[in-house]
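Participant: Structure file final-v9.cif, mmCIF, C-alpha atoms, is pasted below:
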```
data_my_file
loop_
_atom_site.group_PDB
_atom_site.id
_atom_site.type_symbol
_atom_site.label_atom_id
_atom_site.label_comp_id
_atom_site.auth_asym_id
_atom_site.auth_seq_id
_atom_site.Cartn_x
_atom_site.Cartn_y
_atom_site.Cartn_z
ATOM 1 C CA MET A 1 134.011 30.187 59.513
ATOM 2 C CA LYS A 2 130.415 29.209 59.108
ATOM 3 C CA PHE A 3 129.745 32.366 57.115
ATOM 4 C CA THR A 4 132.664 31.589 54.789
ATOM 5 C CA THR A 5 131.422 28.049 54.369
ATOM 6 C CA LEU A 6 127.950 29.319 53.464
ATOM 7 C CA ILE A 7 129.415 31.707 50.897
ATOM 8 C CA VAL A 8 131.558 28.977 49.341
ATOM 9 C CA GLY A 9 128.607 26.585 49.344
ATOM 10 C CA GLY A 10 126.386 29.231 47.761
ATOM 11 C CA ILE A 11 128.976 29.942 45.097
ATOM 12 C CA ILE A 12 129.277 26.216 44.344
ATOM 13 C CA ILE A 13 125.509 25.807 44.150
ATOM 14 C CA LEU A 14 125.172 28.918 41.974
ATOM 15 C CA THR A 15 127.988 27.735 39.715
ATOM 16 C CA ALA A 16 126.385 24.299 39.418
ATOM 17 C CA LEU A 17 123.039 25.934 38.625
ATOM 18 C CA VAL A 18 124.621 28.140 35.930
ATOM 19 C CA VAL A 19 126.415 25.131 34.435
ATOM 20 C CA PHE A 20 123.150 23.175 34.513
ATOM 21 C CA ILE A 21 121.274 26.011 32.762
ATOM 22 C CA ILE A 22 124.024 26.346 30.149
ATOM 23 C CA LEU A 23 123.905 22.572 29.596
ATOM 24 C CA LEU A 24 120.132 22.689 29.192
ATOM 25 C CA ILE A 25 120.436 25.521 26.669
ATOM 26 C CA PHE A 26 123.133 23.613 24.793
ATOM 27 C CA LEU A 27 121.024 20.420 24.695
ATOM 28 C CA TYR A 28 117.964 22.384 23.595
ATOM 29 C CA GLN A 29 119.901 24.055 20.806
ATOM 30 C CA ARG A 30 121.302 20.708 19.655
ATOM 31 C CA ARG A 31 117.828 19.215 19.608
ATOM 32 C CA TYR A 32 116.391 22.291 17.896
ATOM 33 C CA TYR A 33 119.010 22.312 15.118
ATOM 34 C CA ARG A 34 118.714 18.545 14.695
ATOM 35 C CA HIS A 35 114.963 19.000 14.301
ATOM 36 C CA LEU A 36 115.541 21.703 11.671
ATOM 37 C CA ARG A 37 118.005 19.463 9.842
ATOM 38 C CA GLU A 38 115.566 16.535 9.872
ATOM 39 C CA LYS A 39 112.807 18.796 8.563
ATOM 40 C CA GLU A 40 115.043 19.999 5.746
ATOM 41 C CA GLU A 41 116.062 16.434 4.896
ATOM 42 C CA LEU A 42 112.420 15.352 4.846
ATOM 43 C CA ARG A 43 111.511 18.321 2.646
ATOM 44 C CA ALA A 44 114.303 17.444 0.221
ATOM 45 C CA GLN A 45 113.203 13.801 0.215
ATOM 46 C CA LEU A 46 109.614 14.809 -0.476
ATOM 47 C CA GLN A 47 110.702 17.036 -3.365
ATOM 48 C CA GLN A 48 112.845 14.244 -4.798
ATOM 49 C CA GLU A 49 109.995 11.763 -4.456
ATOM 50 C CA SER A 50 107.594 14.222 -6.115
ATOM 51 C CA LEU A 51 109.976 14.628 -9.036
ATOM 52 C CA GLN A 52 110.356 10.860 -9.341
ATOM 53 C CA ALA A 53 106.587 10.424 -9.213
ATOM 54 C CA GLN A 54 106.149 13.068 -11.912
ATOM 55 C CA LEU A 55 108.645 11.311 -14.190
ATOM 56 C CA GLU A 56 106.986 7.939 -13.639
ATOM 57 C CA ILE A 57 103.557 9.423 -14.332
ATOM 58 C CA GLN A 58 104.833 10.893 -17.602
ATOM 59 C CA GLU A 59 106.382 7.553 -18.582
ATOM 60 C CA GLN A 60 103.160 5.668 -17.844
ATOM 61 C CA THR A 61 101.147 8.307 -19.682
ATOM 62 C CA LEU A 62 103.295 7.901 -22.807
ATOM 63 C CA LYS A 63 102.782 4.134 -22.644
ATOM 64 C CA ASN A 64 99.019 4.650 -22.391
ATOM 65 C CA ILE A 65 99.127 7.060 -25.330
ATOM 66 C CA ALA A 66 101.074 4.624 -27.501
ATOM 67 C CA GLN A 67 98.640 1.811 -26.619
ATOM 68 C CA GLU A 68 95.613 4.023 -27.245
ATOM 69 C CA ILE A 69 96.893 5.167 -30.650
ATOM 70 C CA HIS A 70 97.707 1.603 -31.669
ATOM 71 C CA ASP A 71 94.534 -0.092 -30.395
ATOM 72 C CA ASN A 72 91.810 2.506 -30.882
ATOM 73 C CA ILE A 73 92.657 5.619 -32.890
ATOM 74 C CA GLY A 74 94.683 3.707 -35.477
ATOM 75 C CA GLN A 75 91.871 1.210 -35.943
ATOM 76 C CA GLU A 76 89.217 3.928 -36.205
ATOM 77 C CA LEU A 77 91.173 5.813 -38.879
ATOM 78 C CA SER A 78 91.948 2.581 -40.753
ATOM 79 C CA LEU A 79 88.248 1.722 -40.882
ATOM 80 C CA ALA A 80 87.412 5.256 -42.053
ATOM 81 C CA LYS A 81 90.051 4.945 -44.789
ATOM 82 C CA LEU A 82 88.631 1.556 -45.824
ATOM 83 C CA ASN A 83 85.165 3.088 -46.134
ATOM 84 C CA LEU A 84 86.525 5.917 -48.290
ATOM 85 C CA ASN A 85 88.408 3.507 -50.536
ATOM 86 C CA THR A 86 85.392 1.252 -51.080
ATOM 87 C CA MET A 87 82.727 3.898 -51.739
ATOM 88 C CA ASP A 88 80.585 3.193 -54.753
ATOM 89 C CA VAL A 89 78.979 6.326 -56.177
ATOM 90 C CA SER A 90 76.605 4.155 -58.223
ATOM 91 C CA ASN A 91 74.977 2.863 -55.035
ATOM 92 C CA PRO A 92 73.585 5.922 -53.204
ATOM 93 C CA THR A 93 72.224 3.987 -50.210
ATOM 94 C CA GLU A 94 75.494 2.235 -49.456
ATOM 95 C CA LEU A 95 77.416 5.445 -50.190
ATOM 96 C CA GLU A 96 75.396 7.387 -47.616
ATOM 97 C CA HIS A 97 75.869 4.637 -45.055
ATOM 98 C CA LYS A 98 79.654 4.606 -45.521
ATOM 99 C CA ILE A 99 79.869 8.406 -45.340
ATOM 100 C CA ASP A 100 77.943 8.426 -42.040
ATOM 101 C CA ALA A 101 80.075 5.606 -40.677
ATOM 102 C CA SER A 102 83.269 7.409 -41.699
ATOM 103 C CA LYS A 103 82.085 10.634 -40.033
ATOM 104 C CA ASN A 104 81.388 8.766 -36.793
ATOM 105 C CA LEU A 105 84.788 7.055 -36.887
ATOM 106 C CA VAL A 106 86.635 10.330 -37.505
ATOM 107 C CA SER A 107 84.637 12.084 -34.753
ATOM 108 C CA LYS A 108 85.492 9.272 -32.364
ATOM 109 C CA ALA A 109 89.192 9.506 -33.315
ATOM 110 C CA ILE A 110 89.148 13.293 -32.729
ATOM 111 C CA GLN A 111 87.571 12.858 -29.282
ATOM 112 C CA ASP A 112 90.110 10.189 -28.358
ATOM 113 C CA LEU A 113 92.916 12.510 -29.470
ATOM 114 C CA ARG A 114 91.520 15.291 -27.272
ATOM 115 C CA ASP A 115 91.486 12.910 -24.308
ATOM 116 C CA LEU A 116 95.074 11.963 -25.072
ATOM 117 C CA SER A 117 96.168 15.591 -25.342
ATOM 118 C CA ARG A 118 94.878 16.161 -21.812
ATOM 119 C CA GLY A 119 96.825 13.129 -20.670
ATOM 120 C CA MET A 120 100.035 14.425 -22.272
ATOM 121 C CA ASN A 121 99.905 17.600 -20.208
ATOM 122 C CA THR A 122 102.627 17.328 -17.568
ATOM 123 C CA ASP A 123 100.518 19.492 -15.238
ATOM 124 C CA MET A 124 97.494 17.235 -15.685
ATOM 125 C CA ILE A 125 96.953 16.654 -11.979
ATOM 126 C CA ALA A 126 97.316 20.340 -11.084
ATOM 127 C CA ASP A 127 94.881 21.278 -13.872
ATOM 128 C CA MET A 128 92.325 18.500 -13.426
ATOM 129 C CA GLY A 129 92.598 17.997 -9.696
ATOM 130 C CA LEU A 130 93.349 14.687 -8.009
ATOM 131 C CA TYR A 131 89.866 13.210 -8.221
ATOM 132 C CA ARG A 132 89.257 13.988 -11.890
ATOM 133 C CA ALA A 133 92.766 12.726 -12.687
ATOM 134 C CA ILE A 134 91.961 9.405 -10.973
ATOM 135 C CA GLU A 135 88.679 9.204 -12.889
ATOM 136 C CA HIS A 136 90.516 9.883 -16.154
ATOM 137 C CA GLU A 137 93.095 7.179 -15.354
ATOM 138 C CA LEU A 138 90.287 4.687 -14.759
ATOM 139 C CA GLU A 139 88.697 5.669 -18.072
ATOM 140 C CA VAL A 140 92.000 4.992 -19.845
ATOM 141 C CA THR A 141 92.316 1.665 -18.023
ATOM 142 C CA GLY A 142 88.779 0.718 -19.006
ATOM 143 C CA LYS A 143 89.529 1.419 -22.664
ATOM 144 C CA THR A 144 92.252 -1.249 -22.666
ATOM 145 C CA GLY A 145 89.423 -3.796 -22.719
ATOM 146 C CA GLY A 146 88.350 -6.429 -20.248
ATOM 147 C CA TYR A 147 87.928 -4.100 -17.251
ATOM 148 C CA LYS A 148 84.799 -2.676 -15.700
ATOM 149 C CA THR A 149 85.921 0.384 -13.736
ATOM 150 C CA ARG A 150 84.058 2.592 -11.270
ATOM 151 C CA PHE A 151 85.036 5.675 -9.285
ATOM 152 C CA ASP A 152 82.984 6.928 -6.320
ATOM 153 C CA VAL A 153 83.580 10.129 -4.349
ATOM 154 C CA LEU A 154 81.657 10.225 -1.079
ATOM 155 C CA GLY A 155 81.393 13.474 0.826
ATOM 156 C CA GLU A 156 82.969 16.886 0.327
ATOM 157 C CA MET A 157 86.590 16.426 -0.772
ATOM 158 C CA PRO A 158 88.886 19.489 -0.680
ATOM 159 C CA ARG A 159 91.944 20.043 -2.851
ATOM 160 C CA LEU A 160 95.233 18.964 -1.297
ATOM 161 C CA ALA A 161 98.739 20.363 -1.584
ATOM 162 C CA PRO A 162 100.151 19.723 -5.103
ATOM 163 C CA GLN A 163 102.918 17.400 -3.824
ATOM 164 C CA LYS A 164 100.404 15.333 -1.869
ATOM 165 C CA GLU A 165 98.051 15.027 -4.845
ATOM 166 C CA LEU A 166 100.933 14.004 -7.086
ATOM 167 C CA ILE A 167 102.128 11.253 -4.726
ATOM 168 C CA ILE A 168 98.586 9.962 -4.077
ATOM 169 C CA PHE A 169 97.944 9.823 -7.822
ATOM 170 C CA ARG A 170 101.191 7.913 -8.346
ATOM 171 C CA ILE A 171 100.099 5.368 -5.701
ATOM 172 C CA VAL A 172 96.764 4.936 -7.523
ATOM 173 C CA GLN A 173 98.545 4.623 -10.866
ATOM 174 C CA GLU A 174 100.956 2.031 -9.457
ATOM 175 C CA SER A 175 98.006 0.071 -8.061
ATOM 176 C CA LEU A 176 96.221 0.058 -11.416
ATOM 177 C CA HIS A 177 99.433 -0.977 -13.165
ATOM 178 C CA ASN A 178 99.798 -3.930 -10.781
ATOM 179 C CA ILE A 179 96.171 -4.950 -11.333
ATOM 180 C CA ILE A 180 96.581 -4.925 -15.117
ATOM 181 C CA LYS A 181 99.887 -6.776 -14.990
ATOM 182 C CA HIS A 182 99.243 -9.382 -12.304
ATOM 183 C CA ALA A 183 95.666 -9.586 -11.015
ATOM 184 C CA SER A 184 93.715 -11.135 -13.937
ATOM 185 C CA ALA A 185 90.792 -9.014 -12.736
ATOM 186 C CA SER A 186 87.666 -7.933 -14.579
ATOM 187 C CA SER A 187 86.446 -5.238 -12.173
ATOM 188 C CA ILE A 188 88.244 -2.313 -10.512
ATOM 189 C CA LEU A 189 86.622 -0.038 -7.930
ATOM 190 C CA VAL A 190 88.189 3.148 -6.526
ATOM 191 C CA THR A 191 86.407 5.019 -3.747
ATOM 192 C CA VAL A 192 87.349 8.252 -1.989
ATOM 193 C CA LYS A 193 85.472 9.467 1.050
ATOM 194 C CA ASN A 194 85.705 12.073 3.776
ATOM 195 C CA ALA A 195 85.488 10.206 7.067
ATOM 196 C CA ASP A 196 85.338 12.846 9.817
ATOM 197 C CA GLY A 197 88.174 14.947 8.418
ATOM 198 C CA THR A 198 90.213 12.020 7.114
ATOM 199 C CA MET A 199 90.499 11.094 3.463
ATOM 200 C CA GLU A 200 90.056 7.364 2.884
ATOM 201 C CA LEU A 201 91.031 6.143 -0.564
ATOM 202 C CA CYS A 202 90.390 2.496 -1.405
ATOM 203 C CA ILE A 203 91.421 0.589 -4.555
ATOM 204 C CA SER A 204 89.963 -2.898 -4.899
ATOM 205 C CA ASP A 205 89.776 -5.534 -7.615
ATOM 206 C CA ASN A 206 88.192 -8.966 -8.064
ATOM 207 C CA GLY A 207 91.382 -10.579 -9.337
ATOM 208 C CA LYS A 208 93.200 -13.725 -8.280
ATOM 209 C CA GLY A 209 94.822 -12.096 -5.252
ATOM 210 C CA PHE A 210 98.111 -13.142 -3.683
ATOM 211 C CA ASP A 211 99.935 -13.717 -0.411
ATOM 212 C CA PRO A 212 101.596 -10.358 0.500
ATOM 213 C CA ALA A 213 104.076 -12.040 2.866
ATOM 214 C CA ALA A 214 105.227 -14.405 0.128
ATOM 215 C CA VAL A 215 105.730 -11.553 -2.356
ATOM 216 C CA GLU A 216 107.643 -9.481 0.193
ATOM 217 C CA GLY A 217 109.938 -12.409 0.833
ATOM 218 C CA MET A 218 110.834 -12.816 -2.847
ATOM 219 C CA LYS A 219 114.148 -11.161 -3.696
ATOM 220 C CA GLY A 220 113.738 -8.409 -6.307
ATOM 221 C CA ALA A 221 109.947 -8.819 -6.415
ATOM 222 C CA GLY A 222 107.197 -6.424 -5.386
ATOM 223 C CA MET A 223 109.174 -3.191 -5.844
ATOM 224 C CA GLY A 224 105.974 -1.290 -6.596
ATOM 225 C CA LEU A 225 104.350 -2.706 -3.460
ATOM 226 C CA ARG A 226 107.266 -1.458 -1.368
ATOM 227 C CA ASN A 227 107.286 1.960 -3.021
ATOM 228 C CA MET A 228 103.626 2.657 -2.229
ATOM 229 C CA PRO A 229 103.862 2.577 1.603
ATOM 230 C CA ASN A 230 107.150 4.499 1.438
ATOM 231 C CA ARG A 231 105.447 7.244 -0.546
ATOM 232 C CA ALA A 232 102.486 7.231 1.818
ATOM 233 C CA ARG A 233 104.808 7.859 4.779
ATOM 234 C CA LEU A 234 106.271 10.912 3.051
ATOM 235 C CA ILE A 235 102.883 12.649 3.235
ATOM 236 C CA ASN A 236 102.038 11.242 6.697
ATOM 237 C CA ALA A 237 99.388 8.945 5.242
ATOM 238 C CA GLY A 238 98.472 5.489 6.508
ATOM 239 C CA PHE A 239 98.776 2.590 4.073
ATOM 240 C CA SER A 240 97.378 -0.921 4.195
ATOM 241 C CA LEU A 241 97.181 -3.791 1.711
ATOM 242 C CA GLU A 242 94.923 -6.791 2.101
ATOM 243 C CA SER A 243 94.954 -9.685 -0.323
ATOM 244 C CA GLU A 244 94.355 -13.407 -0.331
ATOM 245 C CA PRO A 245 94.666 -15.956 -3.129
ATOM 246 C CA GLY A 246 91.343 -16.147 -4.957
ATOM 247 C CA LYS A 247 89.829 -13.152 -3.146
ATOM 248 C CA GLY A 248 91.218 -10.097 -4.915
ATOM 249 C CA THR A 249 93.208 -7.213 -3.459
ATOM 250 C CA GLU A 250 92.325 -4.057 -1.533
ATOM 251 C CA ILE A 251 94.673 -1.116 -0.992
ATOM 252 C CA LYS A 252 93.689 1.612 1.451
ATOM 253 C CA LEU A 253 95.245 5.033 1.982
ATOM 254 C CA THR A 254 94.229 7.313 4.882
ATOM 255 C CA LEU A 255 95.271 10.966 5.131
ATOM 256 C CA PRO A 256 94.153 13.672 7.588
ATOM 257 C CA LEU A 257 92.585 16.531 5.644
ATOM 258 C CA ASN A 258 93.584 19.244 8.119
#
```
Turn this file's structure into structure tokens for me.
Facilitator:
Amino acid sequence: MKFTTLIVGGIIILTALVVFIILLIFLYQRRYYRHLREKEELRAQLQQESLQAQLEIQEQTLKNIAQEIHDNIGQELSLAKLNLNTMDVSNPTELEHKIDASKNLVSKAIQDLRDLSRGMNTDMIADMGLYRAIEHELEVTGKTGGYKTRFDVLGEMPRLAPQKELIIFRIVQESLHNIIKHASASSILVTVKNADGTMELCISDNGKGFDPAAVEGMKGAGMGLRNMPNRARLINAGFSLESEPGKGTEIKLTLPLN
């Protein structure tokens, strides 16, 4: 009787153990496939965000091109045309001066067009690299007038994955757009540094600043401010924004380089 009881007990224990193992395997597989699904969803979201960032970059680039042609190149060519129309061959000294001035204006217009042609390239960031692309964007911003811009790279900065560079550039571009539109600033500083294997990117201005909590509480306002931290999370980057009325704004992005 005891022997039979031991056998039955052993069978029950063994059956329970098998059921437990099967349950563990089932739970592991569920968790594993859920993890795969979440990874795939995140990858799709990142690709969608990269595409959206690319389209927004192209749109902003076209706006910059239109502004540049209207404000600078158009004016340079108009002045060159005016010089050509008012040349007096009977006054050699003035004629030489106007010819030299026209040459300089045309040369300047050609250089500006070359800069614009680089900006029109949809693969600008891949070709130039993130840091040169940021520098170029600051140069374009500075040409709008009224802004003193500076870009500092501190330490050895490696190239990042194309999707990461694209999203980081879009965050910088969005920041500059907000500064131009809202900050009433005269100085913009962008710094990138390698801090013990972590990229720290900082965008600061000396504008009028604002209360971030008040902007976040306004319905329909601050869409760009909400998009930036969302994009940062897609590439596992930290994002912070500090601002205070009368004290400018500072945006910081941190991203592990490994």
Participant: Could you pull the residues within 8 Å of Phe210 of chain A, counting all atoms listed in the file, minus those fewer than 6 positions along the same chain, as a ChimeraX atom specification?
Facilitator: /A:243-246,248-249
Participant: Leaving out segment 77-88 of chain A and any residue of its chain fewer than 5 positions from it, which residues lie within 12 Å of it when counting all atoms listed in the file, given as a PDB file with C-alpha atoms, in the coordinates of the input?
Facilitator:
```
ATOM      1  CA  ILE A  69      96.893   5.167 -30.650  1.00  0.00           C
ATOM      2  CA  HIS A  70      97.707   1.603 -31.669  1.00  0.00           C
ATOM      3  CA  ASP A  71      94.534  -0.092 -30.395  1.00  0.00           C
ATOM      4  CA  ASN A  72      91.810   2.506 -30.882  1.00  0.00           C
ATOM      5  CA  THR A  93      72.224   3.987 -50.210  1.00  0.00           C
ATOM      6  CA  GLU A  94      75.494   2.235 -49.456  1.00  0.00           C
ATOM      7  CA  LEU A  95      77.416   5.445 -50.190  1.00  0.00           C
ATOM      8  CA  GLU A  96      75.396   7.387 -47.616  1.00  0.00           C
ATOM      9  CA  HIS A  97      75.869   4.637 -45.055  1.00  0.00           C
ATOM     10  CA  LYS A  98      79.654   4.606 -45.521  1.00  0.00           C
ATOM     11  CA  ILE A  99      79.869   8.406 -45.340  1.00  0.00           C
ATOM     12  CA  ASP A 100      77.943   8.426 -42.040  1.00  0.00           C
ATOM     13  CA  ALA A 101      80.075   5.606 -40.677  1.00  0.00           C
ATOM     14  CA  SER A 102      83.269   7.409 -41.699  1.00  0.00           C
ATOM     15  CA  LYS A 103      82.085  10.634 -40.033  1.00  0.00           C
ATOM     16  CA  ASN A 104      81.388   8.766 -36.793  1.00  0.00           C
ATOM     17  CA  LEU A 105      84.788   7.055 -36.887  1.00  0.00           C
ATOM     18  CA  VAL A 106      86.635  10.330 -37.505  1.00  0.00           C
ATOM     19  CA  SER A 107      84.637  12.084 -34.753  1.00  0.00           C
ATOM     20  CA  LYS A 108      85.492   9.272 -32.364  1.00  0.00           C
ATOM     21  CA  ALA A 109      89.192   9.506 -33.315  1.00  0.00           C
ATOM     22  CA  ILE A 110      89.148  13.293 -32.729  1.00  0.00           C
ATOM     23  CA  ASP A 112      90.110  10.189 -28.358  1.00  0.00           C
ATOM     24  CA  LEU A 113      92.916  12.510 -29.470  1.00  0.00           C
TER      25      LEU A 113
END
```
Participant: May I ask which of the residues A:Lys148, A:Lys247, A:Arg159, A:His177 is the closest one to Leu189 of chain A, counting all atoms listed in the file?
Facilitator: A:Lys148
Participant: I need the residue set behind the PyMOL selection byres ((chain A and resi 235) around 9) for this file; please write it as a PyMOL selection string.
Facilitator: chain A and resi 46+163-164+167-168+231-234+236-237+255
Participant: Just how far from atom CA of Asn258 of chain A is atom CA of Val190 of chain A, in Å to one decimal?
Facilitator: 22.4 Å
Participant: Could you tell me how far atom CA of Leu201 of chain A lies from atom CA of Thr141 of chain A, in Å and to one decimal?
Facilitator: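 Spanning atom CA of Leu201 of chain A to atom CA of Thr141 of chain A is a straight-line distance of 18.1 Å.
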Participant: Record the distance separating atom CA of Leu138 of chain A and atom CA of Lys181 of chain A, expressed in Å with one decimal.
Facilitator: 15.0 Å
Participant: Convert the output of the PyMOL selection byres ((chain A and resi 154) around 10) on the shown file into explicit residues, formatted as a PyMOL selection string.
Facilitator: chain A and resi 151-153+155-157+191-195+199-200
Participant: Return as a list in words the set of residues that the PyMOL selection byres ((chain A and resi 175) around 10) yields on the displayed structure.
Facilitator: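 That selection, the PyMOL selection byres ((chain A and resi 175) around 10), comes back as Phe169, Arg170, Ile171, Val172, Gln173, Glu174, Leu176, His177, Asn178, Ile179, Ile180, Lys181, Ile203, Ser204, Asp205, Gly224, Leu225, Met228, Thr249, Glu250 and Ile251 of chain A.
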Participant: For a quick check of understanding, using all atoms listed in the file, which of A:Pro256, A:Gly142, A:Gly209, A:Gly9 has the smallest distance to Pro158 of chain A?
Facilitator: A:Pro256
